[in-house]
Amino acid sequence: QVQLLESGGGSVEAGGSLRLSCTAPVYTYSASCMVWFRQGPGKEREGIAVIHTGTNSTDYDDSVKGRFTISGDNARNTIYLQMNSLKPEDTAMYYCAYSGRYPCARWWAFQYSAYANWGQGTQVTVSS
């Protein structure tokens, strides 16, 4: 079982910012597609941002493009999700996942079923 550790969630008002972190074991982090998912109340888990830790190529779901930025720190085996201009509809539990598959094309990378290992998640609540 791969341990993924998410942190950084919290409660903010609309328009605010948060930065989430996800730390993975070094053998999973290296040259992997690492993805942020979220699951809002009564909704399916959806992929929103992906980064390849070898090339630093990124992609985003349209719902967060221009507001969220995914990045990686190879020295810390950690990816981040900088979330700006938060909206109430961003309220969700946020999870990270990884895959050794390449390239990190969104057609598969944003599919919940593509991943076997999940962390506990970190809750983000945005009030209006």
# chains A, B, ... in the order shown; residues from 1 in each chain; ligands from 1
call {"tool": "select_by_dssp", "arguments": {"residues": "chain A", "states": "strand (DSSP E)", "output": "count of residues only"}}
result
56
call {"tool": "residues_around", "arguments": {"residues": "Glu46 in chain A", "least_positions_apart": "3", "cutoff": "8 Å", "atoms": "only C-alpha atoms", "output": "PyMOL selection string"}}
result
chain A and resi 37-39+110-112
call {"tool": "write_last_selection", "arguments": {"atoms": "N, CA and C atoms", "output": "PDB file, in the first residue's frame"}}
result
ATOM      1  N   PHE A  37      -7.440  15.205  -7.177  1.00  0.00           N
ATOM      2  CA  PHE A  37      -8.856  14.958  -7.353  1.00  0.00           C
ATOM      3  C   PHE A  37      -9.606  15.703  -6.257  1.00  0.00           C
ATOM      4  N   ARG A  38     -10.898  15.851  -6.453  1.00  0.00           N
ATOM      5  CA  ARG A  38     -11.751  16.366  -5.393  1.00  0.00           C
ATOM      6  C   ARG A  38     -13.113  15.683  -5.479  1.00  0.00           C
ATOM      7  N   GLN A  39     -13.737  15.623  -4.297  1.00  0.00           N
ATOM      8  CA  GLN A  39     -15.063  15.024  -4.226  1.00  0.00           C
ATOM      9  C   GLN A  39     -15.931  15.895  -3.342  1.00  0.00           C
ATOM     10  N   PHE A 110      -7.621  11.855 -15.444  1.00  0.00           N
ATOM     11  CA  PHE A 110      -8.670  12.429 -14.614  1.00  0.00           C
ATOM     12  C   PHE A 110      -9.782  11.433 -14.310  1.00  0.00           C
ATOM     13  N   GLN A 111      -9.520  10.147 -14.607  1.00  0.00           N
ATOM     14  CA  GLN A 111     -10.511   9.115 -14.315  1.00  0.00           C
ATOM     15  C   GLN A 111     -10.205   8.478 -12.958  1.00  0.00           C
ATOM     16  N   TYR A 112     -11.169   8.492 -12.105  1.00  0.00           N
ATOM     17  CA  TYR A 112     -11.031   7.924 -10.763  1.00  0.00           C
ATOM     18  C   TYR A 112     -10.572   6.477 -10.813  1.00  0.00           C
TER      19      TYR A 112
END
call {"tool": "residues_around", "arguments": {"residues": "Thr58 in chain A", "least_positions_apart": "3", "cutoff": "8 Å", "atoms": "only C-alpha atoms", "output": "list of chain:residue names"}}
result
A:Ala49, A:Val50, A:Ile51, A:His52, A:Ile70
call {"tool": "residues_around", "arguments": {"residues": "Gln3 in chain A", "least_positions_apart": "4", "cutoff": "10 Å", "atoms": "only C-alpha atoms", "output": "PDB file with N, CA and C atoms, in the first residue's frame"}}
result
ATOM      1  N   THR A  23       2.514  14.518  -0.275  1.00  0.00           N
ATOM      2  CA  THR A  23       3.836  13.903  -0.222  1.00  0.00           C
ATOM      3  C   THR A  23       3.712  12.417  -0.522  1.00  0.00           C
ATOM      4  N   ALA A  24       4.593  11.928  -1.394  1.00  0.00           N
ATOM      5  CA  ALA A  24       4.577  10.526  -1.789  1.00  0.00           C
ATOM      6  C   ALA A  24       5.946   9.902  -1.532  1.00  0.00           C
ATOM      7  N   PRO A  25       6.013   8.581  -1.402  1.00  0.00           N
ATOM      8  CA  PRO A  25       7.311   7.928  -1.293  1.00  0.00           C
ATOM      9  C   PRO A  25       8.142   8.193  -2.548  1.00  0.00           C
ATOM     10  N   THR A  28       7.594   6.296  -5.808  1.00  0.00           N
ATOM     11  CA  THR A  28       6.370   6.548  -6.566  1.00  0.00           C
ATOM     12  C   THR A  28       6.393   7.929  -7.192  1.00  0.00           C
ATOM     13  N   ALA A  97      -3.283  11.366  -6.141  1.00  0.00           N
ATOM     14  CA  ALA A  97      -3.053  10.004  -6.605  1.00  0.00           C
ATOM     15  C   ALA A  97      -1.870  10.021  -7.565  1.00  0.00           C
ATOM     16  N   ASN A 117      -4.369   3.643  -5.326  1.00  0.00           N
ATOM     17  CA  ASN A 117      -3.954   4.092  -3.999  1.00  0.00           C
ATOM     18  C   ASN A 117      -4.377   5.544  -3.782  1.00  0.00           C
ATOM     19  N   TRP A 118      -4.955   5.774  -2.621  1.00  0.00           N
ATOM     20  CA  TRP A 118      -5.437   7.108  -2.275  1.00  0.00           C
ATOM     21  C   TRP A 118      -4.997   7.448  -0.856  1.00  0.00           C
ATOM     22  N   GLY A 119      -4.768   8.734  -0.629  1.00  0.00           N
ATOM     23  CA  GLY A 119      -4.525   9.196   0.730  1.00  0.00           C
ATOM     24  C   GLY A 119      -5.842   9.418   1.448  1.00  0.00           C
ATOM     25  N   GLN A 120      -5.752   9.986   2.635  1.00  0.00           N
ATOM     26  CA  GLN A 120      -6.951  10.243   3.443  1.00  0.00           C
ATOM     27  C   GLN A 120      -7.701  11.483   2.978  1.00  0.00           C
TER      28      GLN A 120
END
call {"tool": "residues_around", "arguments": {"residues": "Pro41 in chain A", "least_positions_apart": "5", "cutoff": "9 Å", "atoms": "only C-alpha atoms", "output": "list of chain:residue names"}}
result
A:Thr91, A:Ala92, A:Met93
call {"tool": "select_by_dssp", "arguments": {"residues": "range 9-85 of chain A", "states": "helix (DSSP H, G or I)", "output": "list in words"}}
result
Val26, Tyr27, Thr28, Tyr29, Asn74, Ala75 and Arg76 of chain A
call {"tool": "residues_around", "arguments": {"residues": "Gly16 in chain A", "least_positions_apart": "3", "cutoff": "9 Å", "atoms": "only C-alpha atoms", "output": "VMD selection string"}}
result
chain A and resid 12 to 13 83 to 87 126
call {"tool": "write_last_selection", "arguments": {"atoms": "N, CA, C and O atoms", "output": "compact mmCIF listing (two decimals), in the first residue's frame"}}
result
# COMPACT_ATOMS: atom_id res chain seq x y z
N VAL A 12 -12.08 28.83 4.23
CA VAL A 12 -11.79 30.19 3.78
C VAL A 12 -13.06 30.81 3.22
O VAL A 12 -14.00 30.10 2.88
N GLU A 13 -13.05 32.10 3.09
CA GLU A 13 -14.15 32.80 2.44
C GLU A 13 -13.92 32.82 0.93
O GLU A 13 -12.80 32.68 0.45
N MET A 83 -4.41 27.20 -4.76
CA MET A 83 -5.79 27.50 -5.12
C MET A 83 -6.09 28.95 -4.80
O MET A 83 -6.08 29.35 -3.63
N ASN A 84 -6.35 29.72 -5.82
CA ASN A 84 -6.69 31.13 -5.67
C ASN A 84 -8.12 31.38 -6.14
O ASN A 84 -8.71 30.55 -6.84
N SER A 85 -8.65 32.52 -5.76
CA SER A 85 -10.01 32.90 -6.17
C SER A 85 -11.00 31.78 -5.90
O SER A 85 -11.81 31.41 -6.76
N LEU A 86 -10.93 31.25 -4.70
CA LEU A 86 -11.78 30.10 -4.36
C LEU A 86 -13.25 30.48 -4.37
O LEU A 86 -13.64 31.61 -4.02
N LYS A 87 -14.06 29.49 -4.76
CA LYS A 87 -15.51 29.67 -4.85
C LYS A 87 -16.18 28.64 -3.95
O LYS A 87 -15.60 27.58 -3.67
N VAL A 126 -15.26 26.41 1.41
CA VAL A 126 -15.28 27.80 0.98
C VAL A 126 -16.66 28.37 1.25
O VAL A 126 -17.67 27.87 0.74
